[in-house]
$ cat input_23.txt   # compact mmCIF, C-alpha atoms and all ligand atoms
# COMPACT_ATOMS: atom_id res chain seq x y z
CA MET A 115 -81.75 122.43 134.96
CA LYS A 116 -80.27 121.34 138.24
CA ASP A 117 -82.70 121.62 141.17
CA ASP A 118 -82.16 124.93 142.94
CA TYR A 119 -82.36 123.40 146.42
CA ILE A 120 -79.93 120.58 145.56
CA GLU A 121 -77.43 123.12 144.29
CA PHE A 122 -77.89 125.10 147.49
CA ILE A 123 -77.22 121.98 149.59
CA GLN A 124 -74.00 121.36 147.69
CA HIS A 125 -72.82 124.93 148.26
CA VAL A 126 -73.64 124.75 151.97
CA LYS A 127 -71.67 121.52 152.30
CA ARG A 128 -68.64 123.05 150.62
CA LYS A 129 -68.73 126.31 152.54
CA LEU A 130 -69.94 125.24 155.99
CA GLY A 131 -69.15 121.52 156.12
CA ILE A 132 -72.79 120.78 156.98
CA ASP A 133 -74.34 118.02 154.90
CA LEU A 134 -78.04 118.86 154.62
CA TYR A 135 -78.63 115.65 152.63
CA LEU A 136 -78.41 113.85 155.96
CA TYR A 137 -81.16 115.93 157.56
CA LYS A 138 -84.81 115.09 156.82
CA GLU A 139 -85.55 117.08 153.68
CA THR A 140 -89.17 118.27 154.08
CA GLN A 141 -88.56 119.74 157.50
CA MET A 142 -85.24 121.34 156.64
CA LYS A 143 -86.41 122.76 153.31
CA ARG A 144 -89.41 124.35 155.04
CA ARG A 145 -87.22 126.00 157.67
CA ILE A 146 -84.81 127.39 155.10
CA THR A 147 -87.55 128.53 152.70
CA THR A 148 -89.20 130.58 155.48
CA LEU A 149 -85.91 132.28 156.23
CA ARG A 150 -85.10 132.88 152.56
CA ASN A 151 -88.52 134.42 151.89
CA LYS A 152 -88.21 136.62 154.97
CA ARG A 153 -84.98 138.01 153.52
CA GLY A 154 -86.65 138.53 150.13
CA TYR A 155 -84.79 136.02 147.91
CA ALA A 156 -86.73 134.15 145.26
CA SER A 157 -84.29 131.27 144.75
CA PHE A 158 -82.02 129.22 147.01
CA VAL A 159 -78.97 129.97 144.92
CA SER A 160 -79.43 133.76 145.09
CA TYR A 161 -79.98 133.36 148.85
CA PHE A 162 -76.72 131.42 149.11
CA GLU A 163 -74.83 134.16 147.24
CA ALA A 164 -76.20 136.71 149.68
CA LEU A 165 -75.13 134.55 152.65
CA GLY A 166 -71.54 134.74 151.38
CA LYS A 167 -71.60 138.54 151.59
CA ASP A 168 -73.40 139.14 154.86
CA ARG A 169 -72.08 137.67 158.13
CA GLU A 170 -75.20 138.48 160.10
CA MET A 171 -77.38 136.67 157.60
CA LEU A 172 -75.01 133.70 157.61
CA SER A 173 -75.17 133.49 161.36
CA GLU A 174 -78.97 133.73 161.25
CA PHE A 175 -78.94 130.88 158.74
CA THR A 176 -76.72 128.55 160.81
CA ASP A 177 -78.76 129.33 163.92
CA ARG A 178 -81.86 128.32 162.03
CA LEU A 179 -80.35 125.06 160.80
CA THR A 180 -79.38 123.99 164.26
CA ILE A 181 -82.49 123.90 166.36
CA ASN A 182 -81.15 124.94 169.71
CA VAL A 183 -83.93 124.68 172.28
CA SER A 184 -82.83 123.07 175.53
CA GLU A 185 -83.44 123.20 179.28
CA PHE A 186 -82.09 121.78 182.53
CA TYR A 187 -83.34 118.25 183.35
CA ARG A 188 -85.37 118.08 180.13
CA ASN A 189 -87.96 115.31 180.67
CA PRO A 190 -87.29 115.08 184.45
CA LYS A 191 -88.59 111.50 184.92
CA ARG A 192 -85.83 110.25 182.62
CA TRP A 193 -83.25 112.13 184.66
CA ASP A 194 -84.58 110.41 187.80
CA VAL A 195 -83.92 107.05 186.14
CA LEU A 196 -80.42 108.26 185.28
CA LYS A 197 -79.77 109.24 188.91
CA ASP A 198 -81.44 106.30 190.66
CA SER A 199 -80.52 103.42 188.39
CA ILE A 200 -78.05 104.15 185.56
CA ILE A 201 -75.30 106.21 187.20
CA PRO A 202 -75.06 104.09 190.38
CA LYS A 203 -74.46 101.02 188.17
CA LEU A 204 -71.87 102.83 186.06
CA LEU A 205 -69.98 103.98 189.15
CA LYS A 206 -69.95 100.57 190.82
CA LYS A 207 -66.67 99.39 189.30
CA ASN A 208 -64.27 102.20 190.15
CA ASN A 209 -66.23 105.34 191.03
CA ARG A 210 -65.07 107.12 187.84
CA ILE A 211 -67.24 108.12 184.96
CA SER A 212 -66.51 109.51 181.48
CA ILE A 213 -69.49 111.30 179.99
CA TRP A 214 -70.09 112.82 176.56
CA SER A 215 -73.00 115.19 176.04
CA ALA A 216 -73.26 115.18 172.23
CA ALA A 217 -75.21 118.05 170.58
CA CYS A 218 -75.27 119.88 173.91
CA SER A 219 -76.64 123.16 172.53
CA THR A 220 -76.33 126.02 175.06
CA GLY A 221 -75.10 123.75 177.86
CA GLU A 222 -78.19 122.95 179.92
CA GLU A 223 -77.67 119.21 179.41
CA PRO A 224 -73.99 118.92 180.43
CA TYR A 225 -74.54 121.29 183.36
CA SER A 226 -77.48 119.13 184.49
CA LEU A 227 -75.15 116.12 184.41
CA ALA A 228 -72.42 117.91 186.35
CA LEU A 229 -74.93 119.15 188.94
CA MET A 230 -76.39 115.69 189.39
CA ILE A 231 -73.00 114.08 189.95
CA LYS A 232 -71.89 116.81 192.36
CA GLU A 233 -75.14 116.63 194.37
CA HIS A 234 -75.66 112.88 194.48
CA PHE A 235 -72.30 111.23 193.75
CA SER A 236 -69.89 113.69 195.27
CA THR A 237 -67.03 111.20 195.73
CA ALA A 238 -67.01 110.18 192.04
CA THR A 239 -64.34 111.33 189.60
CA ILE A 240 -66.01 112.76 186.54
CA GLN A 241 -64.76 113.54 183.06
CA LEU A 242 -67.34 115.45 181.07
CA MET A 243 -67.05 116.51 177.45
CA ALA A 244 -69.81 118.51 175.77
CA THR A 245 -69.95 119.09 172.02
CA ASP A 246 -72.06 120.77 169.38
CA ILE A 247 -71.69 121.68 165.71
CA ASP A 248 -72.64 125.31 166.32
CA ASP A 249 -70.05 127.83 167.57
CA THR A 250 -72.71 130.29 168.72
CA VAL A 251 -74.37 127.86 171.12
CA LEU A 252 -71.00 126.63 172.36
CA SER A 253 -69.92 130.11 173.36
CA LYS A 254 -73.23 130.60 175.19
CA ALA A 255 -72.72 127.25 176.88
CA LYS A 256 -69.28 128.34 178.11
CA GLN A 257 -70.79 131.49 179.62
CA GLY A 258 -73.38 129.47 181.53
CA ILE A 259 -75.98 132.22 181.84
CA TYR A 260 -79.66 131.25 181.70
CA THR A 261 -83.18 132.61 181.91
CA GLU A 262 -85.72 131.37 184.45
CA GLN A 263 -87.42 129.38 181.65
CA ALA A 264 -84.36 127.15 181.10
CA LEU A 265 -84.29 126.35 184.82
CA LYS A 266 -87.95 125.56 185.29
CA GLU A 267 -87.41 121.83 186.03
CA LEU A 268 -84.57 122.48 188.46
CA PRO A 269 -85.43 122.18 192.17
CA GLU A 270 -85.34 125.55 193.99
CA THR A 271 -82.61 124.28 196.36
CA LEU A 272 -80.26 123.60 193.44
CA LYS A 273 -80.99 126.99 191.89
CA LYS A 274 -80.04 128.67 195.14
CA LYS A 275 -76.96 126.54 195.69
CA TYR A 276 -75.39 126.61 192.23
CA PHE A 277 -76.52 129.82 190.52
CA GLU A 278 -75.88 133.50 191.05
CA LYS A 279 -78.91 135.59 190.16
CA THR A 280 -78.40 138.97 188.50
CA GLY A 281 -81.63 140.68 187.46
CA SER A 282 -83.62 138.03 185.69
CA LEU A 283 -80.61 135.90 184.70
CA TYR A 284 -78.90 132.99 186.45
CA LYS A 285 -75.18 132.29 186.15
CA ILE A 286 -73.91 128.82 186.94
CA ASP A 287 -71.24 128.45 189.61
CA ASP A 288 -67.61 128.02 188.54
CA SER A 289 -67.34 124.83 190.63
CA ILE A 290 -69.76 123.23 188.12
CA ARG A 291 -68.44 125.00 185.03
CA LYS A 292 -64.86 123.88 185.47
CA ASN A 293 -65.89 120.21 185.22
CA ILE A 294 -66.86 120.48 181.58
CA THR A 295 -64.78 120.64 178.40
CA PHE A 296 -66.73 122.23 175.56
CA LYS A 297 -65.67 121.42 171.98
CA LYS A 298 -66.95 121.73 168.45
CA HIS A 299 -67.97 118.39 166.91
CA ASN A 300 -70.09 117.44 163.91
CA LEU A 301 -71.87 114.13 164.53
CA LEU A 302 -72.15 113.58 160.77
CA ALA A 303 -68.53 114.15 159.83
CA ASP A 304 -66.02 114.12 162.71
CA SER A 305 -64.35 111.17 164.39
CA TYR A 306 -65.84 110.01 167.68
CA PRO A 307 -64.11 109.73 171.05
CA LYS A 308 -63.54 106.32 172.67
CA ASN A 309 -64.00 104.65 176.06
CA MET A 310 -67.07 106.53 177.18
CA ASP A 311 -69.19 105.24 180.08
CA LEU A 312 -72.18 107.39 179.25
CA ILE A 313 -73.21 109.20 176.06
CA VAL A 314 -76.13 111.59 176.31
CA CYS A 315 -77.43 112.51 172.86
CA ARG A 316 -80.94 113.88 172.96
CA ASN A 317 -83.26 115.74 170.62
CA VAL A 318 -81.00 115.93 167.60
CA LEU A 319 -81.25 112.50 165.93
CA ILE A 320 -84.89 113.26 165.06
CA TYR A 321 -83.64 115.75 162.46
CA PHE A 322 -81.50 113.19 160.59
CA THR A 323 -82.36 110.69 157.85
CA ASP A 324 -82.55 106.99 158.77
CA GLN A 325 -79.29 106.36 156.97
CA ALA A 326 -77.49 109.05 158.97
CA LYS A 327 -78.99 107.77 162.22
CA GLU A 328 -77.77 104.23 161.55
CA GLU A 329 -74.23 105.45 161.07
CA ILE A 330 -74.40 107.51 164.25
CA TYR A 331 -75.68 104.56 166.32
CA HIS A 332 -72.76 102.45 165.09
CA ASN A 333 -70.36 105.24 166.00
CA PHE A 334 -71.88 105.67 169.46
CA SER A 335 -71.66 101.95 170.05
CA ASP A 336 -67.94 102.03 169.13
CA ALA A 337 -67.41 105.04 171.38
CA LEU A 338 -68.78 103.27 174.47
CA LYS A 339 -67.01 100.86 176.79
CA SER A 340 -68.73 97.53 177.17
CA ASP A 341 -71.70 98.03 179.57
CA GLY A 342 -71.61 101.76 178.78
CA ILE A 343 -74.92 103.56 178.28
CA LEU A 344 -76.45 105.68 175.50
CA PHE A 345 -79.21 108.02 176.76
CA VAL A 346 -81.47 109.28 173.93
CA GLY A 347 -84.36 111.77 173.72
CA SER A 348 -87.94 110.96 174.57
CA THR A 349 -89.03 110.58 170.94
CA GLU A 350 -85.91 108.78 169.80
CA GLN A 351 -86.23 105.08 170.62
CA ILE A 352 -83.93 102.77 168.68
CA PHE A 353 -86.16 100.14 167.09
CA ASN A 354 -83.53 97.46 166.49
CA PRO A 355 -80.88 98.04 169.18
CA ASN A 356 -79.24 94.62 168.72
CA LYS A 357 -78.04 95.70 165.32
CA TYR A 358 -75.69 98.13 167.06
CA ASP A 359 -74.74 95.79 169.94
CA PHE A 360 -77.13 97.53 172.31
CA ASN A 361 -79.56 96.06 174.84
CA LEU A 362 -82.43 98.07 176.22
CA ALA A 363 -81.46 98.92 179.81
CA GLU A 364 -84.43 101.19 180.61
CA THR A 365 -86.77 103.10 178.29
CA PHE A 366 -84.53 105.55 176.33
CA PHE A 367 -81.32 104.02 177.80
CA TYR A 368 -79.30 101.51 175.75
CA GLN A 369 -76.46 99.42 177.14
CA LYS A 370 -73.50 98.39 175.01
CA MET A 371 -73.12 94.59 175.03
C1 LIG B 401 -82.61 120.69 170.15
S1 LIG B 401 -80.90 120.86 170.51
C2 LIG B 401 -80.68 119.57 171.71
C3 LIG B 401 -80.03 120.07 172.97
C4 LIG B 401 -79.97 119.06 174.11
N1 LIG B 401 -79.31 117.83 173.71
C5 LIG B 401 -81.35 118.75 174.64
O1 LIG B 401 -81.86 117.65 174.43
O2 LIG B 401 -81.94 119.63 175.29
C6 LIG B 401 -80.14 120.20 169.05
C7 LIG B 401 -78.68 120.55 168.92
O3 LIG B 401 -78.10 119.71 167.92
C8 LIG B 401 -77.07 120.43 167.30
N2 LIG B 401 -76.73 119.78 166.02
C9 LIG B 401 -77.43 119.81 164.83
N3 LIG B 401 -76.76 119.12 163.89
C10 LIG B 401 -75.63 118.63 164.48
C11 LIG B 401 -74.54 117.84 164.02
N4 LIG B 401 -74.49 117.41 162.76
N5 LIG B 401 -73.55 117.55 164.90
C12 LIG B 401 -73.59 118.00 166.18
N6 LIG B 401 -74.58 118.75 166.67
C13 LIG B 401 -75.60 119.06 165.83
C14 LIG B 401 -77.65 121.82 167.17
O4 LIG B 401 -76.64 122.79 166.99
C15 LIG B 401 -78.42 121.97 168.48
O5 LIG B 401 -77.66 122.66 169.44
$ encode --input "input_23.txt" --output "structure tokens"
Amino acid sequence: MKDDYIEFIQHVKRKLGIDLYLYKETQMKRRITTLRNKRGYASFVSYFEALGKDREMLSEFTDRLTINVSEFYRNPKRWDVLKDSIIPKLLKKNNRISIWSAACSTGEEPYSLALMIKEHFSTATIQLMATDIDDTVLSKAKQGIYTEQALKELPETLKKKYFEKTGSLYKIDDSIRKNITFKKHNLLADSYPKNMDLIVCRNVLIYFTDQAKEEIYHNFSDALKSDGILFVGSTEQIFNPNKYDFNLAETFFYQKM
């Protein structure tokens, strides 16, 4: 008999276009099993059938697949390196910068980039695209409304300057919001943009298999201009960067040769 989980993966790929084969299996299977058990289904296939009939359950399932935690200036020391060393070099040539925040979740990452450029490089022309596979997080990102927790690394001055506080929530200023184009994009299936100066892709590659990661690194390398930079998460070093035409520029920053 065909493995129940394998059959489930095939159904999910057909229905949602998400290829769970390319995500690390133990981790993913554990996440889905917890959810399935909570809903009272004994097999993956019966759970899948139920997902087809219940929109709320389907949305709970896709939310669970796509681990969405994020915050402004996540790992602040890395963002200091970005501000003090990486962006000044990228702007040297013509004071323009094209940035792609890939797997941007609810928008904290692209908004951090837009804030940084506005605060510290105000004369630069910026083009900023932010993408994610998950429609729910993208619509939250477009709203730009955050809890105190998401803003905990942001200096008080920036909070005051660029957010409107209503009750316990903070809404980002339109002057920052209008700089960003949000779009749906699946890193494992869609075609990649070209001519980027900076790609920020953090805290998603850890969920993928080595084979999927390799393909993504090649795609990122092709998407960057020469001397462009890939900024990865703090547990996501690339062990053989040369293979993808990258040099290590700073820890967690790779420069396209
Ligand atoms: C933990 S969040 C990372 C958010 C942000 N980059 C950060 O570091 O704070 C991971 C994001 O990856 C997205 N994701 C998962 N699989 C993806 C895929 N195949 N293509 C694009 N985004 C994906 C999820 O929807 C989620 O929003």
$ residues_around --input "input_23.txt" --residues "range 165-179 of chain A" --least-positions-apart "6" --cutoff "9 Å" --atoms "all atoms listed in the file" --output "PyMOL selection string"
chain A and resi 129-130+142+145-146+149-150+153+248+250-251
$ residues_near_ligand --input "input_23.txt" --ligand "ligand LIG 401 (chain B)" --cutoff "6 Å" --atoms "only C-alpha atoms and all ligand atoms" --output "MDAnalysis selection string"
chainID A and resid 180:185 217:219 223 246:248 299:302 315:318
$ residues_around --input "input_23.txt" --residues "range 194-206 of chain A" --least-positions-apart "4" --cutoff "9 Å" --atoms "all atoms listed in the file" --output "short mmCIF file (atom, residue, chain, number, x, y, z; two decimals) with C-alpha atoms, in the frame of the given file"
data_model
loop_
_atom_site.label_atom_id
_atom_site.label_comp_id
_atom_site.auth_asym_id
_atom_site.auth_seq_id
_atom_site.Cartn_x
_atom_site.Cartn_y
_atom_site.Cartn_z
CA PRO A 190 -87.29 115.08 184.45
CA ARG A 210 -65.07 107.12 187.84
CA ILE A 211 -67.24 108.12 184.96
CA MET A 230 -76.39 115.69 189.39
CA ILE A 231 -73.00 114.08 189.95
CA HIS A 234 -75.66 112.88 194.48
CA PHE A 235 -72.30 111.23 193.75
CA ALA A 238 -67.01 110.18 192.04
CA ASP A 311 -69.19 105.24 180.08
CA LEU A 312 -72.18 107.39 179.25
CA ASP A 341 -71.70 98.03 179.57
CA GLY A 342 -71.61 101.76 178.78
CA ILE A 343 -74.92 103.56 178.28
CA PHE A 345 -79.21 108.02 176.76
CA ALA A 363 -81.46 98.92 179.81
CA GLU A 364 -84.43 101.19 180.61
CA PHE A 367 -81.32 104.02 177.80
#
$ closest_residue --input "input_23.txt" --among "A:Tyr331, A:Trp214, A:Tyr225, A:Tyr260" --to "Asn356 in chain A" --atoms "all atoms listed in the file"
A:Tyr331
$ residues_around --input "input_23.txt" --residues "Ala337 in chain A" --least-positions-apart "4" --cutoff "8 Å" --atoms "only C-alpha atoms" --output "list in words"
Tyr306, Pro307, Lys308, Asn309, Met310 and Asn333 of chain A
$ write_last_selection --input "input_23.txt" --atoms "C-alpha atoms" --output "mmCIF file, in the frame of the given file"
data_model
loop_
_atom_site.group_PDB
_atom_site.id
_atom_site.type_symbol
_atom_site.label_atom_id
_atom_site.label_comp_id
_atom_site.auth_asym_id
_atom_site.auth_seq_id
_atom_site.Cartn_x
_atom_site.Cartn_y
_atom_site.Cartn_z
ATOM 1 C CA TYR A 306 -65.840 110.010 167.680
ATOM 2 C CA PRO A 307 -64.110 109.730 171.050
ATOM 3 C CA LYS A 308 -63.540 106.320 172.670
ATOM 4 C CA ASN A 309 -64.000 104.650 176.060
ATOM 5 C CA MET A 310 -67.070 106.530 177.180
ATOM 6 C CA ASN A 333 -70.360 105.240 166.000
#
$ decode --input "input_23.txt" --residues "range 185-223 of chain A" --atoms "N, CA and C atoms" --output "PDB file, in the first residue's frame"
ATOM      1  N   GLU A 185      10.304  39.715  12.800  1.00  0.00           N
ATOM      2  CA  GLU A 185      10.317  40.948  13.589  1.00  0.00           C
ATOM      3  C   GLU A 185      11.192  41.976  12.883  1.00  0.00           C
ATOM      4  N   PHE A 186      11.051  43.239  13.262  1.00  0.00           N
ATOM      5  CA  PHE A 186      11.887  44.290  12.694  1.00  0.00           C
ATOM      6  C   PHE A 186      13.333  44.101  13.152  1.00  0.00           C
ATOM      7  N   TYR A 187      14.279  44.340  12.243  1.00  0.00           N
ATOM      8  CA  TYR A 187      15.711  44.242  12.549  1.00  0.00           C
ATOM      9  C   TYR A 187      16.064  42.941  13.284  1.00  0.00           C
ATOM     10  N   ARG A 188      15.533  41.834  12.773  1.00  0.00           N
ATOM     11  CA  ARG A 188      15.829  40.527  13.393  1.00  0.00           C
ATOM     12  C   ARG A 188      17.339  40.287  13.368  1.00  0.00           C
ATOM     13  N   ASN A 189      17.940  39.932  14.467  1.00  0.00           N
ATOM     14  CA  ASN A 189      19.393  39.856  14.659  1.00  0.00           C
ATOM     15  C   ASN A 189      20.046  41.217  14.365  1.00  0.00           C
ATOM     16  N   PRO A 190      19.868  42.189  15.258  1.00  0.00           N
ATOM     17  CA  PRO A 190      20.242  43.585  14.986  1.00  0.00           C
ATOM     18  C   PRO A 190      21.701  43.795  14.590  1.00  0.00           C
ATOM     19  N   LYS A 191      22.630  42.992  15.112  1.00  0.00           N
ATOM     20  CA  LYS A 191      24.057  43.194  14.769  1.00  0.00           C
ATOM     21  C   LYS A 191      24.292  43.001  13.270  1.00  0.00           C
ATOM     22  N   ARG A 192      23.557  42.072  12.698  1.00  0.00           N
ATOM     23  CA  ARG A 192      23.672  41.838  11.241  1.00  0.00           C
ATOM     24  C   ARG A 192      23.151  43.041  10.459  1.00  0.00           C
ATOM     25  N   TRP A 193      22.097  43.644  10.984  1.00  0.00           N
ATOM     26  CA  TRP A 193      21.528  44.825  10.312  1.00  0.00           C
ATOM     27  C   TRP A 193      22.481  46.013  10.412  1.00  0.00           C
ATOM     28  N   ASP A 194      23.283  46.064  11.497  1.00  0.00           N
ATOM     29  CA  ASP A 194      24.298  47.117  11.595  1.00  0.00           C
ATOM     30  C   ASP A 194      25.343  46.938  10.499  1.00  0.00           C
ATOM     31  N   VAL A 195      25.734  45.679  10.258  1.00  0.00           N
ATOM     32  CA  VAL A 195      26.713  45.419   9.192  1.00  0.00           C
ATOM     33  C   VAL A 195      26.118  45.842   7.840  1.00  0.00           C
ATOM     34  N   LEU A 196      24.851  45.541   7.658  1.00  0.00           N
ATOM     35  CA  LEU A 196      24.176  45.929   6.413  1.00  0.00           C
ATOM     36  C   LEU A 196      24.242  47.456   6.223  1.00  0.00           C
ATOM     37  N   LYS A 197      23.955  48.173   7.288  1.00  0.00           N
ATOM     38  CA  LYS A 197      23.904  49.647   7.218  1.00  0.00           C
ATOM     39  C   LYS A 197      25.305  50.259   7.077  1.00  0.00           C
ATOM     40  N   ASP A 198      26.264  49.730   7.849  1.00  0.00           N
ATOM     41  CA  ASP A 198      27.573  50.399   7.923  1.00  0.00           C
ATOM     42  C   ASP A 198      28.517  49.974   6.809  1.00  0.00           C
ATOM     43  N   SER A 199      28.318  48.767   6.285  1.00  0.00           N
ATOM     44  CA  SER A 199      29.313  48.270   5.332  1.00  0.00           C
ATOM     45  C   SER A 199      28.695  47.899   3.972  1.00  0.00           C
ATOM     46  N   ILE A 200      27.630  47.113   3.991  1.00  0.00           N
ATOM     47  CA  ILE A 200      27.120  46.542   2.732  1.00  0.00           C
ATOM     48  C   ILE A 200      26.399  47.598   1.874  1.00  0.00           C
ATOM     49  N   ILE A 201      25.443  48.284   2.443  1.00  0.00           N
ATOM     50  CA  ILE A 201      24.655  49.228   1.621  1.00  0.00           C
ATOM     51  C   ILE A 201      25.517  50.389   1.107  1.00  0.00           C
ATOM     52  N   PRO A 202      26.398  50.981   1.940  1.00  0.00           N
ATOM     53  CA  PRO A 202      27.240  52.044   1.380  1.00  0.00           C
ATOM     54  C   PRO A 202      28.011  51.586   0.134  1.00  0.00           C
ATOM     55  N   LYS A 203      28.528  50.343   0.165  1.00  0.00           N
ATOM     56  CA  LYS A 203      29.281  49.849  -0.997  1.00  0.00           C
ATOM     57  C   LYS A 203      28.358  49.692  -2.204  1.00  0.00           C
ATOM     58  N   LEU A 204      27.153  49.184  -1.952  1.00  0.00           N
ATOM     59  CA  LEU A 204      26.229  48.953  -3.072  1.00  0.00           C
ATOM     60  C   LEU A 204      25.784  50.271  -3.709  1.00  0.00           C
ATOM     61  N   LEU A 205      25.741  51.320  -2.899  1.00  0.00           N
ATOM     62  CA  LEU A 205      25.243  52.604  -3.420  1.00  0.00           C
ATOM     63  C   LEU A 205      26.341  53.427  -4.092  1.00  0.00           C
ATOM     64  N   LYS A 206      27.576  52.991  -3.933  1.00  0.00           N
ATOM     65  CA  LYS A 206      28.707  53.799  -4.405  1.00  0.00           C
ATOM     66  C   LYS A 206      28.597  54.152  -5.888  1.00  0.00           C
ATOM     67  N   LYS A 207      28.223  53.156  -6.704  1.00  0.00           N
ATOM     68  CA  LYS A 207      28.255  53.349  -8.160  1.00  0.00           C
ATOM     69  C   LYS A 207      27.312  54.436  -8.631  1.00  0.00           C
ATOM     70  N   ASN A 208      26.000  54.283  -8.305  1.00  0.00           N
ATOM     71  CA  ASN A 208      25.060  55.268  -8.868  1.00  0.00           C
ATOM     72  C   ASN A 208      23.919  55.662  -7.922  1.00  0.00           C
ATOM     73  N   ASN A 209      24.101  55.370  -6.645  1.00  0.00           N
ATOM     74  CA  ASN A 209      23.117  55.775  -5.629  1.00  0.00           C
ATOM     75  C   ASN A 209      21.705  55.209  -5.856  1.00  0.00           C
ATOM     76  N   ARG A 210      21.631  54.099  -6.576  1.00  0.00           N
ATOM     77  CA  ARG A 210      20.352  53.384  -6.757  1.00  0.00           C
ATOM     78  C   ARG A 210      20.515  51.985  -6.208  1.00  0.00           C
ATOM     79  N   ILE A 211      19.430  51.436  -5.740  1.00  0.00           N
ATOM     80  CA  ILE A 211      19.541  50.065  -5.225  1.00  0.00           C
ATOM     81  C   ILE A 211      18.235  49.297  -5.452  1.00  0.00           C
ATOM     82  N   SER A 212      18.365  48.091  -6.031  1.00  0.00           N
ATOM     83  CA  SER A 212      17.206  47.208  -6.209  1.00  0.00           C
ATOM     84  C   SER A 212      17.298  46.097  -5.178  1.00  0.00           C
ATOM     85  N   ILE A 213      16.260  45.987  -4.371  1.00  0.00           N
ATOM     86  CA  ILE A 213      16.294  45.011  -3.273  1.00  0.00           C
ATOM     87  C   ILE A 213      15.116  44.044  -3.391  1.00  0.00           C
ATOM     88  N   TRP A 214      15.393  42.769  -3.090  1.00  0.00           N
ATOM     89  CA  TRP A 214      14.327  41.770  -3.040  1.00  0.00           C
ATOM     90  C   TRP A 214      14.338  41.120  -1.660  1.00  0.00           C
ATOM     91  N   SER A 215      13.257  41.265  -0.931  1.00  0.00           N
ATOM     92  CA  SER A 215      13.096  40.565   0.337  1.00  0.00           C
ATOM     93  C   SER A 215      12.264  39.315   0.034  1.00  0.00           C
ATOM     94  N   ALA A 216      12.943  38.159  -0.018  1.00  0.00           N
ATOM     95  CA  ALA A 216      12.304  36.913  -0.454  1.00  0.00           C
ATOM     96  C   ALA A 216      11.862  36.123   0.778  1.00  0.00           C
ATOM     97  N   ALA A 217      10.608  35.673   0.796  1.00  0.00           N
ATOM     98  CA  ALA A 217      10.007  35.029   1.981  1.00  0.00           C
ATOM     99  C   ALA A 217       9.898  36.063   3.109  1.00  0.00           C
ATOM    100  N   CYS A 218       9.180  37.133   2.803  1.00  0.00           N
ATOM    101  CA  CYS A 218       9.160  38.323   3.672  1.00  0.00           C
ATOM    102  C   CYS A 218       8.171  38.195   4.812  1.00  0.00           C
ATOM    103  N   SER A 219       7.369  37.139   4.826  1.00  0.00           N
ATOM    104  CA  SER A 219       6.346  36.932   5.850  1.00  0.00           C
ATOM    105  C   SER A 219       5.457  38.180   5.988  1.00  0.00           C
ATOM    106  N   THR A 220       5.219  38.638   7.206  1.00  0.00           N
ATOM    107  CA  THR A 220       4.251  39.716   7.434  1.00  0.00           C
ATOM    108  C   THR A 220       4.836  41.122   7.223  1.00  0.00           C
ATOM    109  N   GLY A 221       6.033  41.201   6.640  1.00  0.00           N
ATOM    110  CA  GLY A 221       6.524  42.503   6.168  1.00  0.00           C
ATOM    111  C   GLY A 221       7.566  43.192   7.037  1.00  0.00           C
ATOM    112  N   GLU A 222       7.873  42.634   8.204  1.00  0.00           N
ATOM    113  CA  GLU A 222       8.832  43.296   9.089  1.00  0.00           C
ATOM    114  C   GLU A 222      10.182  43.498   8.400  1.00  0.00           C
ATOM    115  N   GLU A 223      10.592  42.506   7.606  1.00  0.00           N
ATOM    116  CA  GLU A 223      11.906  42.576   6.959  1.00  0.00           C
ATOM    117  C   GLU A 223      11.955  43.666   5.864  1.00  0.00           C
TER     118      GLU A 223
END
